[in-house]
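Note sheet for the following structure.
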Amino acid sequence: MTRLREKKPRREKPLALMARDLDQLRTLCEIDERELALLASPQAPIVLLRRRPDAPVADAVAPENPYLGVMLPYTPLHHLLLRRIDFPVVATSGNLSDEPICIDETEALVRLRGVAERFLIHDRPIERHVDDSVAWVWAGEPRIVRRARGYAPRPVLVRAEIPTVLAVGGHLKNAVALSMGRQVFVSQHIGDMETEQALAAFERVTADLIRLYEAEPVAVAHDMHPDYATTRWAQAAVRGVVADSTAALAREALPRLDGARLVAVQHHHAHLAACLAENGCDEPALGVTWDGTGYGPDGTVWGGEFLLGTTSSFRRVGHLRPFRLPGAEAAVREPRRSAVAVLWELGGRDALERDEPCPLEAFEPAARQPLLRMLEAGFNAPWTTSAGRLFDAVAALLGLHQTTTFEGQAAMALEFVASPSIGDAYPIDVTSSGAGEKEKLIVDWRPLIEALLEDRRKSEPASTIAARFHNALSCTIIDVARTVGVEKVALTGGCFQNQRLIVRTARALEKAGFTALLHRQIPPNDGGISLGQIAVAAARLAEG
């Protein structure tokens, strides 16, 4: 296991397991009837199940994680191998971390020569890469975390016919989508647009959709962020500009985009619109859109948003209190930066020096003063309302993770450590700013952090503190929903992959008389925003 993680490289992110049959899986995980049905379904996804205390699995498969991602054989070759081996195996994709899967043996022999020790090669070519889908079950229904094999490109049906629109998704967890009539075909998971290989895979999948459905898109929808690779690609494609690196298949499809209208869609509006479209909702709803990062029209980093709107438009009716991100993108990989930032927002240097251990101690001495100067001057420290970074800050304050090796690692640790038996919550203030159409609710997390620090001084266990933090966020969502006063509330964005947060919040909303709109067919994370981009673009086209 250590060798695999070093070679791939994949230091701590959980790995999936494949077992011979259900009897073997029962030795690993606790499984109920609905989870059994999902495992044995034709889609055969990886299903996230609670690990048995006595499971014969190395901790390194899913470090510090009470869940295991498990699946059953879904090809004849899998069945033959698992019967011969007769014990569960780690089943991971043929790629280096953050790169698309290799689909050609010549490519695999080059790209994976430092990873794989043996290659089993078939005489039939692979047409396109497809990851395994990932799902879990709660409230009696399967929920998708990663939509790929078995689910894509099965269409999502929308309420009415819409124009043919191509949506290119976001930068992380990318998936593209194409609308035809009432059907929206959302592609398989492509991945993060961080490498040339990922962009080439994105182009192949996009060309595939256009070619397979003989589509002539009237619009191309993209994220509002000007520096996303997908945004730049959409702009170039509509202008007819073809990069030298563009694959032949994509070159063939690009002329079909001539004359298409470009539609820029704000990231969190796309999240809200995706949830509305999936639930067939065409009336205004409160979108609680919480994630790590999204480009805000005001030039700040959004991520803890309350949006009131439909697929055509929205109004930002509230958000988390902003704080600075020292080091900008570096803060995504280092929760300790967010921890320093929230304490700075409490009271500057005094707040940082008031408590032990101080989050600055997680940095080398030479890095501490430059970090403080960033916060003082606002240099390379953009404002953010990110709920994801608030989770990171609390995880770092509790000593769970100062740095991370994969997205969401600190937030996952905070979720997993939270005690299920703790029902009380930290205080959060909700205040109003502005007037009329410009009035906004500010969700002030400072009382929460103050109470959390007091609990830390009293040596309260991390399990209690983490539970009170989650409970506070759920209570605050209910408070904001009551203030805004619309009946439907959409819970969307990557933060709502957190099972404790979404289950508690959805139940509390229903108990308070609201209708909670949740994702089922697409992920709440960025893997679902291409559906929202199409919904927004179609609504704007309909309005002329």
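Here, A, B, ... name the chains of the structure tokens in the order displayed, residue numbers run from 1 inside each chain, and ligands are numbered from 1 in the same displayed order.
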For A:Leu307, find every residue with an atom within 12 Å (counting only C-alpha atoms), except residues of its own chain fewer than 3 positions away, and show them as an mmCIF file with C-alpha atoms, in the first residue's frame.
data_model
loop_
_atom_site.group_PDB
_atom_site.id
_atom_site.type_symbol
_atom_site.label_atom_id
_atom_site.label_comp_id
_atom_site.auth_asym_id
_atom_site.auth_seq_id
_atom_site.Cartn_x
_atom_site.Cartn_y
_atom_site.Cartn_z
ATOM 1 C CA GLN A 266 -21.714 32.974 -11.780
ATOM 2 C CA HIS A 267 -20.427 29.860 -10.030
ATOM 3 C CA HIS A 268 -22.861 29.747 -7.113
ATOM 4 C CA HIS A 269 -25.829 30.650 -9.280
ATOM 5 C CA ALA A 270 -24.902 27.579 -11.355
ATOM 6 C CA HIS A 271 -25.007 25.460 -8.187
ATOM 7 C CA LEU A 272 -28.446 26.819 -7.289
ATOM 8 C CA ALA A 273 -29.759 26.431 -10.850
ATOM 9 C CA PRO A 284 -37.893 31.270 -6.442
ATOM 10 C CA ALA A 285 -35.931 29.348 -3.831
ATOM 11 C CA LEU A 286 -33.317 30.153 -1.224
ATOM 12 C CA GLY A 287 -30.068 28.601 -2.364
ATOM 13 C CA VAL A 288 -27.655 27.769 0.441
ATOM 14 C CA THR A 289 -24.596 27.433 -1.793
ATOM 15 C CA TRP A 290 -21.574 26.541 0.306
ATOM 16 C CA TRP A 302 -17.447 33.643 -2.633
ATOM 17 C CA GLY A 303 -18.265 30.367 -0.930
ATOM 18 C CA GLY A 304 -20.725 30.821 1.937
ATOM 19 C CA THR A 310 -34.502 31.104 -10.062
ATOM 20 C CA THR A 311 -32.598 29.681 -12.996
ATOM 21 C CA SER A 313 -31.507 35.392 -12.008
ATOM 22 C CA PHE A 314 -30.552 35.666 -8.367
ATOM 23 C CA ARG A 315 -30.026 38.122 -5.552
ATOM 24 C CA ARG A 316 -27.374 37.642 -2.913
ATOM 25 C CA VAL A 317 -29.495 37.950 0.224
ATOM 26 C CA GLY A 318 -26.805 36.849 2.657
ATOM 27 C CA HIS A 319 -23.348 35.403 3.162
ATOM 28 C CA LEU A 320 -20.837 34.451 5.814
ATOM 29 C CA LYS A 440 -27.982 41.530 2.996
ATOM 30 C CA LEU A 441 -27.856 39.206 5.966
ATOM 31 C CA VAL A 480 -31.797 32.604 7.586
ATOM 32 C CA ALA A 481 -34.539 30.595 5.850
ATOM 33 C CA VAL A 484 -35.935 35.245 3.951
ATOM 34 C CA VAL A 486 -39.509 31.414 0.935
ATOM 35 C CA LYS A 488 -38.155 26.033 -0.853
ATOM 36 C CA VAL A 489 -34.524 25.831 0.278
ATOM 37 C CA ALA A 490 -31.845 24.305 -1.964
ATOM 38 C CA LEU A 491 -28.779 22.815 -0.256
ATOM 39 C CA THR A 492 -25.967 22.726 -2.793
#
If we count only C-alpha atoms and set the cut-off at 9 Å, which residues sit around stretch 111-119 of chain A, ignoring sequence neighbours fewer than 3 positions away in its own chain? Please answer as a PDB file with C-alpha atoms, in the first residue's frame.
ATOM      1  CA  ARG A   3       4.544   1.686  -2.452  1.00  0.00           C
ATOM      2  CA  LEU A   4       1.331   2.317  -4.397  1.00  0.00           C
ATOM      3  CA  GLU A   6       4.315   6.731  -3.245  1.00  0.00           C
ATOM      4  CA  LYS A   7       4.295   5.783  -6.922  1.00  0.00           C
ATOM      5  CA  LYS A   8       0.875   7.112  -7.939  1.00  0.00           C
ATOM      6  CA  PRO A   9       1.451   9.509  -5.950  1.00  0.00           C
ATOM      7  CA  GLY A  94      -4.750   3.617 -14.273  1.00  0.00           C
ATOM      8  CA  ASN A  95      -3.435   7.148 -13.981  1.00  0.00           C
ATOM      9  CA  LEU A  96      -1.140   9.393 -12.019  1.00  0.00           C
ATOM     10  CA  CYS A 102      -4.888   6.057 -19.641  1.00  0.00           C
ATOM     11  CA  GLU A 105      -1.643   0.647 -23.903  1.00  0.00           C
ATOM     12  CA  THR A 106       1.184   2.582 -25.575  1.00  0.00           C
ATOM     13  CA  GLU A 107       0.301   5.650 -23.513  1.00  0.00           C
ATOM     14  CA  ALA A 108      -0.028   3.522 -20.357  1.00  0.00           C
TER      15      ALA A 108
END
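Put simply, atom CA of A:Gly544 is 11.8 Å away from atom CA of A:Arg261.
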**Asked** So which residues touch stretch 57-69 of chain A within 7 Å, counting only C-alpha atoms, skipping near sequence neighbours fewer than 5 positions away, as number ranges by chain?
**Response** A: 1, 12-17, 46-51
**Request:** Identify, with DSSP run on backbone atoms, the residues in stretch 248-493 of chain A assigned to alpha helix (DSSP H), and express the list as number ranges by chain.
**Result:** A: 248-253, 267-278, 330-333, 335-354, 365-377, 387-397, 409-417, 446-457, 462-484
Considering only C-alpha atoms, give me a table of residues in stretch 259-377 of chain A that are at most 12 Å from stretch 385-405 of chain A, with the closest atom pair and distance in Å for each, as CSV.
residue,atom,partner,partner_atom,distance
A:His268,CA,A:Ser386,CA,11.4
A:Val288,CA,A:Ala387,CA,10.6
A:Thr289,CA,A:Ala387,CA,9.1
A:Trp290,CA,A:Ala387,CA,5.6
A:Asp291,CA,A:Gly388,CA,5.2
A:Gly292,CA,A:Gly388,CA,4.3
A:Thr293,CA,A:Ser386,CA,6.4
A:Gly294,CA,A:Ser386,CA,8.4
A:Tyr295,CA,A:Ser386,CA,10.9
A:Gly296,CA,A:Thr385,CA,9.9
A:Asp298,CA,A:Thr385,CA,12.0
A:Gly299,CA,A:Thr385,CA,11.9
A:Thr300,CA,A:Thr385,CA,8.3
A:Val301,CA,A:Thr385,CA,6.5
A:Trp302,CA,A:Thr385,CA,5.1
A:Gly303,CA,A:Ser386,CA,3.7
A:Gly304,CA,A:Ala387,CA,4.6
A:Glu305,CA,A:Thr385,CA,7.5
A:Phe306,CA,A:Thr385,CA,10.9
A:Gly318,CA,A:Thr385,CA,10.3
A:His319,CA,A:Thr385,CA,6.6
A:Leu320,CA,A:Thr385,CA,5.2
A:Arg321,CA,A:Thr385,CA,6.1
A:Pro322,CA,A:Thr385,CA,4.5
A:Phe323,CA,A:Thr385,CA,6.6
A:Arg324,CA,A:Thr385,CA,8.7
A:Leu325,CA,A:Arg389,CA,8.6
A:Pro326,CA,A:Arg389,CA,11.6
A:Ala328,CA,A:Arg389,CA,11.2
A:Glu329,CA,A:Arg389,CA,11.2
A:Ala330,CA,A:Thr403,CA,9.9
A:Ala331,CA,A:Arg389,CA,8.0
A:Val332,CA,A:Arg389,CA,7.3
A:Arg333,CA,A:Thr404,CA,5.4
A:Glu334,CA,A:Thr403,CA,4.2
A:Pro335,CA,A:Asp392,CA,4.8
A:Arg336,CA,A:Gln402,CA,4.8
A:Arg337,CA,A:Ala393,CA,7.5
A:Ser338,CA,A:Ala393,CA,4.7
A:Ala339,CA,A:Ala393,CA,4.0
A:Val340,CA,A:Ala393,CA,7.7
A:Ala341,CA,A:Ala393,CA,8.1
A:Val342,CA,A:Ala393,CA,7.1
A:Leu343,CA,A:Ala393,CA,9.2
A:Trp344,CA,A:Ala393,CA,11.7
A:Leu352,CA,A:Leu397,CA,11.4
A:Asp355,CA,A:Leu397,CA,10.3
A:Glu356,CA,A:Leu397,CA,9.9
A:Pro357,CA,A:Leu397,CA,8.4
A:Cys358,CA,A:Leu397,CA,8.4
A:Pro359,CA,A:Leu397,CA,6.7
A:Leu360,CA,A:Gln402,CA,10.4
A:Glu361,CA,A:Gln402,CA,10.3
A:Ala362,CA,A:Gln402,CA,6.9
A:Phe363,CA,A:Gln402,CA,9.1
**Item:** Shell of 8 Å around stretch 24-41 of chain A, only C-alpha atoms, local chain residues under 6 positions omitted, as a PyMOL selection string
**Value:** chain A and resi 47+49-52+54-57+68+70-72+87-88+136-137+140-142
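Of the listed residues A:Ala542, A:Ala201, A:Leu371, A:Leu262, the one whose atoms come nearest to A:Val218 is A:Leu262, with distances taken using only C-alpha atoms.
In this comparison, which uses only C-alpha atoms, the residue of A:Gln521, A:Ser474, A:Gln235, A:Thr75 approaching A:Arg507 most closely is A:Ser474.
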**Request:** Apply DSSP to the structure's backbone, then extract all residues of stretch 115-317 of chain A labelled strand (DSSP E or B) and return them as a PyMOL selection string.
**Result:** chain A and resi 134-138+141-146+156-162+165-167+174+177-186+191+219-223+261-265+285-295+301-309+314-317
Would you save the residues of that selection, restricted to C-alpha atoms, as an mmCIF file, in the first residue's frame?
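And here is the file that came out, part.cif:
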data_model
loop_
_atom_site.group_PDB
_atom_site.id
_atom_site.type_symbol
_atom_site.label_atom_id
_atom_site.label_comp_id
_atom_site.auth_asym_id
_atom_site.auth_seq_id
_atom_site.Cartn_x
_atom_site.Cartn_y
_atom_site.Cartn_z
ATOM 1 C CA VAL A 134 -19.218 7.121 -6.338
ATOM 2 C CA ALA A 135 -22.468 7.191 -4.370
ATOM 3 C CA TRP A 136 -23.866 6.877 -0.873
ATOM 4 C CA VAL A 137 -27.315 6.384 0.627
ATOM 5 C CA TRP A 138 -29.177 8.543 3.087
ATOM 6 C CA GLU A 141 -32.178 7.314 -1.554
ATOM 7 C CA PRO A 142 -28.891 7.010 -3.454
ATOM 8 C CA ARG A 143 -26.965 10.282 -3.727
ATOM 9 C CA ILE A 144 -24.207 10.783 -6.282
ATOM 10 C CA VAL A 145 -20.790 12.068 -5.233
ATOM 11 C CA ARG A 146 -19.016 11.399 -8.560
ATOM 12 C CA VAL A 156 -31.378 14.570 -16.614
ATOM 13 C CA LEU A 157 -34.940 15.514 -17.612
ATOM 14 C CA VAL A 158 -35.928 19.161 -17.164
ATOM 15 C CA ARG A 159 -39.457 20.565 -16.972
ATOM 16 C CA ALA A 160 -39.722 21.982 -20.510
ATOM 17 C CA GLU A 161 -37.884 21.922 -23.814
ATOM 18 C CA ILE A 162 -34.881 24.230 -23.934
ATOM 19 C CA VAL A 165 -26.727 24.605 -25.196
ATOM 20 C CA LEU A 166 -23.219 23.344 -24.474
ATOM 21 C CA ALA A 167 -21.950 23.929 -20.921
ATOM 22 C CA ASN A 174 -15.116 19.065 -14.359
ATOM 23 C CA ALA A 177 -23.169 18.967 -20.507
ATOM 24 C CA LEU A 178 -25.318 19.305 -23.625
ATOM 25 C CA SER A 179 -29.069 19.989 -23.795
ATOM 26 C CA MET A 180 -31.372 18.494 -26.421
ATOM 27 C CA GLY A 181 -35.084 19.206 -25.978
ATOM 28 C CA ARG A 182 -36.006 18.254 -22.416
ATOM 29 C CA GLN A 183 -32.878 16.162 -21.958
ATOM 30 C CA VAL A 184 -29.584 17.381 -20.527
ATOM 31 C CA PHE A 185 -26.727 14.967 -21.122
ATOM 32 C CA VAL A 186 -24.133 15.424 -18.380
ATOM 33 C CA GLY A 191 -11.447 15.815 -13.337
ATOM 34 C CA ALA A 219 -25.004 29.026 -26.823
ATOM 35 C CA VAL A 220 -21.935 27.962 -24.866
ATOM 36 C CA ALA A 221 -22.219 28.470 -21.104
ATOM 37 C CA HIS A 222 -19.130 28.818 -18.928
ATOM 38 C CA ASP A 223 -18.048 29.928 -15.464
ATOM 39 C CA ARG A 261 -23.608 32.942 -27.954
ATOM 40 C CA LEU A 262 -21.307 32.969 -24.941
ATOM 41 C CA VAL A 263 -23.100 32.987 -21.584
ATOM 42 C CA ALA A 264 -21.036 33.609 -18.436
ATOM 43 C CA VAL A 265 -22.666 32.092 -15.346
ATOM 44 C CA ALA A 285 -35.931 29.348 -3.831
ATOM 45 C CA LEU A 286 -33.317 30.153 -1.224
ATOM 46 C CA GLY A 287 -30.068 28.601 -2.364
ATOM 47 C CA VAL A 288 -27.655 27.769 0.441
ATOM 48 C CA THR A 289 -24.596 27.433 -1.793
ATOM 49 C CA TRP A 290 -21.574 26.541 0.306
ATOM 50 C CA ASP A 291 -18.234 25.426 -1.092
ATOM 51 C CA GLY A 292 -14.562 26.304 -1.145
ATOM 52 C CA THR A 293 -14.160 28.829 -3.938
ATOM 53 C CA GLY A 294 -16.221 30.668 -6.519
ATOM 54 C CA TYR A 295 -15.564 33.875 -8.436
ATOM 55 C CA VAL A 301 -13.918 34.854 -3.363
ATOM 56 C CA TRP A 302 -17.447 33.643 -2.633
ATOM 57 C CA GLY A 303 -18.265 30.367 -0.930
ATOM 58 C CA GLY A 304 -20.725 30.821 1.937
ATOM 59 C CA GLU A 305 -23.705 32.204 0.029
ATOM 60 C CA PHE A 306 -27.449 32.595 0.504
ATOM 61 C CA LEU A 307 -28.921 33.300 -2.935
ATOM 62 C CA LEU A 308 -32.582 34.005 -3.563
ATOM 63 C CA GLY A 309 -33.455 33.255 -7.146
ATOM 64 C CA PHE A 314 -30.552 35.666 -8.367
ATOM 65 C CA ARG A 315 -30.026 38.122 -5.552
ATOM 66 C CA ARG A 316 -27.374 37.642 -2.913
ATOM 67 C CA VAL A 317 -29.495 37.950 0.224
#
